[in-house]
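Undergrad: Dropping in coords_5.pdb, with PDB, C-alpha atoms.
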```
ATOM      1  CA  MET X  91      60.566  51.726 114.996  1.00  0.00           C
ATOM      2  CA  ARG X  92      61.897  55.339 115.140  1.00  0.00           C
ATOM      3  CA  ILE X  93      63.749  54.619 118.398  1.00  0.00           C
ATOM      4  CA  ALA X  94      65.570  51.722 116.772  1.00  0.00           C
ATOM      5  CA  ARG X  95      66.743  54.015 113.968  1.00  0.00           C
ATOM      6  CA  THR X  96      67.714  57.045 116.104  1.00  0.00           C
ATOM      7  CA  PHE X  97      69.054  55.484 119.345  1.00  0.00           C
ATOM      8  CA  CYS X  98      72.102  53.269 119.760  1.00  0.00           C
ATOM      9  CA  PHE X  99      72.634  51.834 123.262  1.00  0.00           C
ATOM     10  CA  THR X 100      76.174  50.785 124.202  1.00  0.00           C
ATOM     11  CA  ASN X 101      77.731  49.143 127.221  1.00  0.00           C
ATOM     12  CA  ASN X 102      78.865  51.151 130.295  1.00  0.00           C
ATOM     13  CA  GLY X 103      75.601  53.088 130.439  1.00  0.00           C
ATOM     14  CA  GLN X 104      75.882  55.227 127.328  1.00  0.00           C
ATOM     15  CA  ALA X 105      73.693  55.827 124.303  1.00  0.00           C
ATOM     16  CA  LEU X 106      73.938  57.781 121.082  1.00  0.00           C
ATOM     17  CA  TYR X 107      70.952  59.712 119.756  1.00  0.00           C
ATOM     18  CA  LEU X 108      70.693  60.837 116.129  1.00  0.00           C
ATOM     19  CA  VAL X 109      69.131  64.303 116.497  1.00  0.00           C
ATOM     20  CA  SER X 110      69.203  65.091 112.776  1.00  0.00           C
ATOM     21  CA  ALA X 111      70.940  63.738 109.702  1.00  0.00           C
ATOM     22  CA  THR X 112      74.121  65.671 110.611  1.00  0.00           C
ATOM     23  CA  GLU X 113      74.019  65.834 114.429  1.00  0.00           C
ATOM     24  CA  ILE X 114      74.690  63.127 117.024  1.00  0.00           C
ATOM     25  CA  GLN X 115      74.121  63.548 120.756  1.00  0.00           C
ATOM     26  CA  ARG X 116      75.670  61.311 123.430  1.00  0.00           C
ATOM     27  CA  ILE X 117      73.592  60.378 126.463  1.00  0.00           C
ATOM     28  CA  THR X 118      74.921  58.862 129.700  1.00  0.00           C
ATOM     29  CA  TYR X 119      72.564  57.003 132.001  1.00  0.00           C
ATOM     30  CA  SER X 120      75.009  55.533 134.528  1.00  0.00           C
ATOM     31  CA  GLN X 121      76.167  57.372 137.687  1.00  0.00           C
ATOM     32  CA  GLU X 122      79.667  55.878 137.472  1.00  0.00           C
ATOM     33  CA  THR X 123      80.090  57.022 133.874  1.00  0.00           C
ATOM     34  CA  CYS X 124      78.805  60.500 134.739  1.00  0.00           C
ATOM     35  CA  GLU X 125      81.432  60.826 137.473  1.00  0.00           C
ATOM     36  CA  ASN X 126      84.260  59.831 135.077  1.00  0.00           C
ATOM     37  CA  LEU X 127      82.990  61.938 132.180  1.00  0.00           C
ATOM     38  CA  GLN X 128      85.561  64.740 132.584  1.00  0.00           C
ATOM     39  CA  GLU X 129      88.412  62.225 132.412  1.00  0.00           C
ATOM     40  CA  MET X 130      87.046  60.719 129.200  1.00  0.00           C
ATOM     41  CA  LEU X 131      86.857  64.034 127.380  1.00  0.00           C
ATOM     42  CA  GLY X 132      89.730  64.848 125.052  1.00  0.00           C
ATOM     43  CA  GLU X 133      91.929  67.948 125.221  1.00  0.00           C
ATOM     44  CA  LEU X 134      91.351  70.818 122.839  1.00  0.00           C
ATOM     45  CA  PHE X 135      95.053  71.614 122.559  1.00  0.00           C
ATOM     46  CA  THR X 136      98.397  70.304 123.692  1.00  0.00           C
ATOM     47  CA  PRO X 137     100.045  72.598 126.249  1.00  0.00           C
ATOM     48  CA  VAL X 138     103.421  73.872 125.046  1.00  0.00           C
ATOM     49  CA  GLU X 139     105.880  76.011 126.964  1.00  0.00           C
ATOM     50  CA  THR X 140     106.307  79.496 125.580  1.00  0.00           C
ATOM     51  CA  PRO X 141     109.718  80.131 124.024  1.00  0.00           C
ATOM     52  CA  GLU X 142     112.136  82.711 125.340  1.00  0.00           C
ATOM     53  CA  ALA X 143     111.707  86.268 124.126  1.00  0.00           C
ATOM     54  CA  PRO X 144     113.871  87.131 121.096  1.00  0.00           C
ATOM     55  CA  ASN X 145     116.794  89.524 121.433  1.00  0.00           C
ATOM     56  CA  ARG X 146     115.998  93.187 121.007  1.00  0.00           C
ATOM     57  CA  GLY X 147     117.087  94.591 117.656  1.00  0.00           C
ATOM     58  CA  PHE X 148     118.453  98.045 116.915  1.00  0.00           C
ATOM     59  CA  PHE X 149     115.118  99.654 115.984  1.00  0.00           C
ATOM     60  CA  LYS X 150     113.315  97.963 118.862  1.00  0.00           C
ATOM     61  CA  GLY X 151     115.918  99.408 121.235  1.00  0.00           C
ATOM     62  CA  LEU X 152     115.731 102.810 119.567  1.00  0.00           C
ATOM     63  CA  PHE X 153     111.957 103.200 119.250  1.00  0.00           C
ATOM     64  CA  GLY X 154     110.630 100.378 121.398  1.00  0.00           C
ATOM     65  CA  GLY X 155     110.298 102.208 124.683  1.00  0.00           C
ATOM     66  CA  GLY X 156     110.562 100.490 127.997  1.00  0.00           C
ATOM     67  CA  ALA X 157     113.218 101.317 130.538  1.00  0.00           C
ATOM     68  CA  GLN X 158     116.414  99.355 130.180  1.00  0.00           C
ATOM     69  CA  SER X 159     119.430  99.518 132.433  1.00  0.00           C
ATOM     70  CA  LEU X 160     122.549 100.374 130.432  1.00  0.00           C
ATOM     71  CA  ASP X 161     125.944 101.494 131.572  1.00  0.00           C
ATOM     72  CA  ARG X 162     128.247 104.014 129.923  1.00  0.00           C
ATOM     73  CA  GLU X 163     130.519 101.346 128.448  1.00  0.00           C
ATOM     74  CA  ASP X 164     127.585  99.701 126.662  1.00  0.00           C
ATOM     75  CA  LEU X 165     126.394 103.017 125.291  1.00  0.00           C
ATOM     76  CA  PHE X 166     129.605 104.750 124.202  1.00  0.00           C
ATOM     77  CA  GLY X 167     132.425 102.241 124.086  1.00  0.00           C
ATOM     78  CA  GLU X 168     133.265  98.790 122.971  1.00  0.00           C
ATOM     79  CA  SER X 169     132.237  95.995 125.273  1.00  0.00           C
ATOM     80  CA  ALA X 170     134.710  93.614 126.887  1.00  0.00           C
ATOM     81  CA  SER X 171     134.586  91.267 123.899  1.00  0.00           C
ATOM     82  CA  GLY X 172     135.788  94.014 121.550  1.00  0.00           C
ATOM     83  CA  LYS X 173     132.553  94.257 119.559  1.00  0.00           C
ATOM     84  CA  ALA X 174     130.703  97.521 119.074  1.00  0.00           C
ATOM     85  CA  SER X 175     127.421  97.988 120.868  1.00  0.00           C
ATOM     86  CA  ARG X 176     124.365  96.822 118.929  1.00  0.00           C
ATOM     87  CA  SER X 177     122.328  99.859 119.923  1.00  0.00           C
ATOM     88  CA  LEU X 178     124.710 102.301 118.188  1.00  0.00           C
ATOM     89  CA  ALA X 179     124.220 103.245 114.569  1.00  0.00           C
ATOM     90  CA  GLN X 180     126.992 102.531 112.119  1.00  0.00           C
ATOM     91  CA  HIS X 181     127.718 104.470 108.950  1.00  0.00           C
ATOM     92  CA  ILE X 182     127.355 102.331 105.865  1.00  0.00           C
ATOM     93  CA  PRO X 183     128.514 104.231 102.770  1.00  0.00           C
ATOM     94  CA  GLY X 184     126.137 103.903  99.855  1.00  0.00           C
ATOM     95  CA  PRO X 185     126.591 104.385  96.125  1.00  0.00           C
ATOM     96  CA  GLY X 186     126.546 108.000  95.007  1.00  0.00           C
ATOM     97  CA  GLY X 187     127.550 109.697  98.227  1.00  0.00           C
ATOM     98  CA  ILE X 188     127.064 113.469  98.327  1.00  0.00           C
ATOM     99  CA  GLU X 189     126.339 113.686  94.586  1.00  0.00           C
ATOM    100  CA  GLY X 190     123.290 111.473  95.006  1.00  0.00           C
ATOM    101  CA  VAL X 191     122.033 113.658  97.833  1.00  0.00           C
ATOM    102  CA  LYS X 192     122.530 116.807  95.739  1.00  0.00           C
ATOM    103  CA  GLY X 193     120.668 115.232  92.815  1.00  0.00           C
ATOM    104  CA  ALA X 194     117.784 114.207  95.051  1.00  0.00           C
ATOM    105  CA  ALA X 195     117.657 117.700  96.571  1.00  0.00           C
ATOM    106  CA  SER X 196     117.554 119.349  93.130  1.00  0.00           C
ATOM    107  CA  GLY X 197     114.774 116.945  92.102  1.00  0.00           C
ATOM    108  CA  VAL X 198     112.783 117.880  95.186  1.00  0.00           C
ATOM    109  CA  ALA X 199     113.395 121.589  94.544  1.00  0.00           C
ATOM    110  CA  GLY X 200     112.088 121.187  90.982  1.00  0.00           C
ATOM    111  CA  ASP X 201     108.992 119.395  92.245  1.00  0.00           C
ATOM    112  CA  LEU X 202     108.372 122.171  94.762  1.00  0.00           C
ATOM    113  CA  ALA X 203     108.757 124.841  92.061  1.00  0.00           C
ATOM    114  CA  ARG X 204     106.229 123.050  89.825  1.00  0.00           C
ATOM    115  CA  ALA X 205     103.813 122.713  92.743  1.00  0.00           C
ATOM    116  CA  ARG X 206     104.171 126.424  93.517  1.00  0.00           C
ATOM    117  CA  LEU X 207     103.470 127.368  89.864  1.00  0.00           C
ATOM    118  CA  ALA X 208     100.391 125.128  89.841  1.00  0.00           C
ATOM    119  CA  LEU X 209      99.223 126.742  93.080  1.00  0.00           C
ATOM    120  CA  ASP X 210      99.684 130.246  91.614  1.00  0.00           C
ATOM    121  CA  GLU X 211      97.719 129.267  88.492  1.00  0.00           C
ATOM    122  CA  ARG X 212      94.929 127.869  90.628  1.00  0.00           C
ATOM    123  CA  GLY X 213      94.833 131.089  92.662  1.00  0.00           C
ATOM    124  CA  GLN X 214      94.555 133.140  89.463  1.00  0.00           C
ATOM    125  CA  LYS X 215      91.728 130.948  88.150  1.00  0.00           C
ATOM    126  CA  LEU X 216      89.894 131.239  91.468  1.00  0.00           C
ATOM    127  CA  GLY X 217      90.294 135.044  91.317  1.00  0.00           C
ATOM    128  CA  GLU X 218      88.835 135.109  87.790  1.00  0.00           C
ATOM    129  CA  LEU X 219      85.968 132.891  88.921  1.00  0.00           C
ATOM    130  CA  GLU X 220      85.261 135.241  91.826  1.00  0.00           C
ATOM    131  CA  ASP X 221      85.171 138.233  89.437  1.00  0.00           C
ATOM    132  CA  ARG X 222      82.765 136.437  87.086  1.00  0.00           C
ATOM    133  CA  THR X 223      80.541 135.444  90.014  1.00  0.00           C
ATOM    134  CA  ALA X 224      80.393 139.068  91.207  1.00  0.00           C
ATOM    135  CA  ALA X 225      79.509 140.212  87.654  1.00  0.00           C
ATOM    136  CA  MET X 226      76.730 137.604  87.452  1.00  0.00           C
ATOM    137  CA  LEU X 227      75.334 138.770  90.812  1.00  0.00           C
ATOM    138  CA  ALA X 228      75.316 142.399  89.636  1.00  0.00           C
ATOM    139  CA  SER X 229      73.628 141.372  86.384  1.00  0.00           C
ATOM    140  CA  ALA X 230      70.981 139.406  88.298  1.00  0.00           C
ATOM    141  CA  ASP X 231      70.260 142.397  90.562  1.00  0.00           C
ATOM    142  CA  SER X 232      69.964 144.658  87.515  1.00  0.00           C
ATOM    143  CA  PHE X 233      67.597 142.227  85.804  1.00  0.00           C
ATOM    144  CA  SER X 234      65.478 141.970  88.963  1.00  0.00           C
ATOM    145  CA  LYS X 235      65.123 145.766  89.206  1.00  0.00           C
ATOM    146  CA  GLN X 236      64.204 146.080  85.518  1.00  0.00           C
ATOM    147  CA  ALA X 237      61.652 143.277  85.809  1.00  0.00           C
ATOM    148  CA  HIS X 238      59.880 145.059  88.695  1.00  0.00           C
ATOM    149  CA  GLU X 239      59.766 148.367  86.776  1.00  0.00           C
ATOM    150  CA  VAL X 240      57.983 146.913  83.744  1.00  0.00           C
ATOM    151  CA  PRO X 241      54.280 147.813  83.961  1.00  0.00           C
ATOM    152  CA  LYS X 242      51.974 144.892  84.246  1.00  0.00           C
ATOM    153  CA  ILE X 243      50.130 144.559  80.982  1.00  0.00           C
ATOM    154  CA  PRO X 244      46.979 142.513  81.091  1.00  0.00           C
ATOM    155  CA  CYS X 245      46.897 139.680  78.603  1.00  0.00           C
ATOM    156  CA  TYR X 246      43.621 139.203  76.664  1.00  0.00           C
TER     157      TYR X 246
END
```
Mind turning this structure into structure tokens?

TA:
Amino acid sequence: MRIARTFCFTNNGQALYLVSATEIQRITYSQETCENLQEMLGELFTPVETPEAPNRGFFKGLFGGGAQSLDREDLFGESASGKASRSLAQHIPGPGGIEGVKGAASGVAGDLARARLALDERGQKLGELEDRTAAMLASADSFSKQAHEVPKIPCY
């Protein structure tokens, strides 16, 4: 009775076996079917040709490494079509100009001055802490000496 519920025989020498409630196993018992088994299997993926590599951008050319053959005209002059080379940087004026740079520099200088003041304050606090630690060590030594000098009095 169990075989009738777990096996299913088909034509062309194949059978299906229900291993568990969620797993099915296929069995082939014909030599001809075994020989053609690889042709009957499906493909896992469809082969696709790889696309061409994209053009190199400015930063890829600047930082991307790899030797590339360039001539002087490509590097320093305009090419035959009249366009500037893509690997050369171009100046794009931004809003603010030199005033913006001066403002940013003064902001950075102010931040550095505040950081230096905070560092000086921390150094002073560490110096005070070192002095207090030395005073505590001297006090502990003094207490230790006085404790050893006290005569031992028997307690009754």

Undergrad: What does the distance from CA of Gln104 (chain X) to CA of Arg116 (chain X) come to in Å, to one decimal?

TA: 7.2 Å

Undergrad: Using CA of Cys98 (chain X) and CA of Ile117 (chain X) as the two end points, give the distance in Å to one decimal.

TA: 9.9 Å

Undergrad: Name the residues in contact with Asn102 (chain X) at a cut-off of 9 Å, using only C-alpha atoms, excluding same-chain residues fewer than 2 positions from it; report them as a list of chain:residue names.

TA: X:Thr100, X:Gln104, X:Thr118, X:Tyr119, X:Ser120, X:Glu122, X:Thr123

Undergrad: What's the separation between CA of Asp210 (chain X) and CA of Ser229 (chain X), in Å to one decimal place?

TA: 28.8 Å

Undergrad: List every protein, DNA or RNA residue that has at least one atom no more than 12 Å from (70.9, 60.4, 110.9) in the file's coordinates, counting all atoms listed in the file, and write the result as a list in words.

TA: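 Final list of nearby residues, as requested, is Arg92, Ile93, Ala94, Arg95, Thr96, Phe97, Cys98, Leu106, Tyr107, Leu108, Val109, Ser110, Ala111, Thr112, Glu113, Ile114 and Gln115 of chain X.
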
Undergrad: Missing atoms in region 125-143 of chain X should be modelled up to N, CA and C atoms and reported as a short mmCIF file (atom, residue, chain, number, x, y, z; two decimals), in the coordinates of the input.

TA:
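Writing the result to rebuild-v5.cif gives the following:
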```cif
data_model
loop_
_atom_site.label_atom_id
_atom_site.label_comp_id
_atom_site.auth_asym_id
_atom_site.auth_seq_id
_atom_site.Cartn_x
_atom_site.Cartn_y
_atom_site.Cartn_z
N GLU X 125 80.36 60.34 136.61
CA GLU X 125 81.43 60.83 137.47
C GLU X 125 82.78 60.84 136.74
N ASN X 126 83.00 59.92 135.81
CA ASN X 126 84.26 59.83 135.08
C ASN X 126 84.22 60.56 133.73
N LEU X 127 83.17 61.31 133.49
CA LEU X 127 82.99 61.94 132.18
C LEU X 127 84.10 62.94 131.87
N GLN X 128 84.52 63.74 132.83
CA GLN X 128 85.56 64.74 132.58
C GLN X 128 86.89 64.10 132.21
N GLU X 129 87.17 62.91 132.75
CA GLU X 129 88.41 62.22 132.41
C GLU X 129 88.36 61.63 131.01
N MET X 130 87.17 61.32 130.52
CA MET X 130 87.05 60.72 129.20
C MET X 130 87.07 61.75 128.08
N LEU X 131 86.85 63.00 128.41
CA LEU X 131 86.86 64.03 127.38
C LEU X 131 88.28 64.27 126.88
N GLY X 132 88.42 64.57 125.62
CA GLY X 132 89.73 64.85 125.05
C GLY X 132 90.16 66.28 125.35
N GLU X 133 91.41 66.59 125.04
CA GLU X 133 91.93 67.95 125.22
C GLU X 133 91.81 68.71 123.92
N LEU X 134 91.49 69.99 124.03
CA LEU X 134 91.35 70.82 122.84
C LEU X 134 92.70 71.17 122.24
N PHE X 135 93.73 71.26 123.05
CA PHE X 135 95.05 71.61 122.56
C PHE X 135 96.09 70.95 123.44
N THR X 136 97.28 70.86 122.93
CA THR X 136 98.40 70.30 123.69
C THR X 136 99.17 71.45 124.31
N PRO X 137 99.31 71.49 125.63
CA PRO X 137 100.04 72.60 126.25
C PRO X 137 101.52 72.57 125.85
N VAL X 138 102.03 73.73 125.46
CA VAL X 138 103.42 73.87 125.05
C VAL X 138 104.00 75.05 125.80
N GLU X 139 105.24 74.90 126.27
CA GLU X 139 105.88 76.01 126.96
C GLU X 139 106.18 77.13 125.99
N THR X 140 106.02 78.36 126.45
CA THR X 140 106.31 79.50 125.58
C THR X 140 107.82 79.65 125.43
N PRO X 141 108.27 79.98 124.23
CA PRO X 141 109.72 80.13 124.02
C PRO X 141 110.22 81.41 124.67
N GLU X 142 111.53 81.50 124.78
CA GLU X 142 112.14 82.71 125.34
C GLU X 142 111.93 83.88 124.39
N ALA X 143 111.89 85.07 124.94
CA ALA X 143 111.71 86.27 124.13
C ALA X 143 112.93 86.47 123.24
#
```
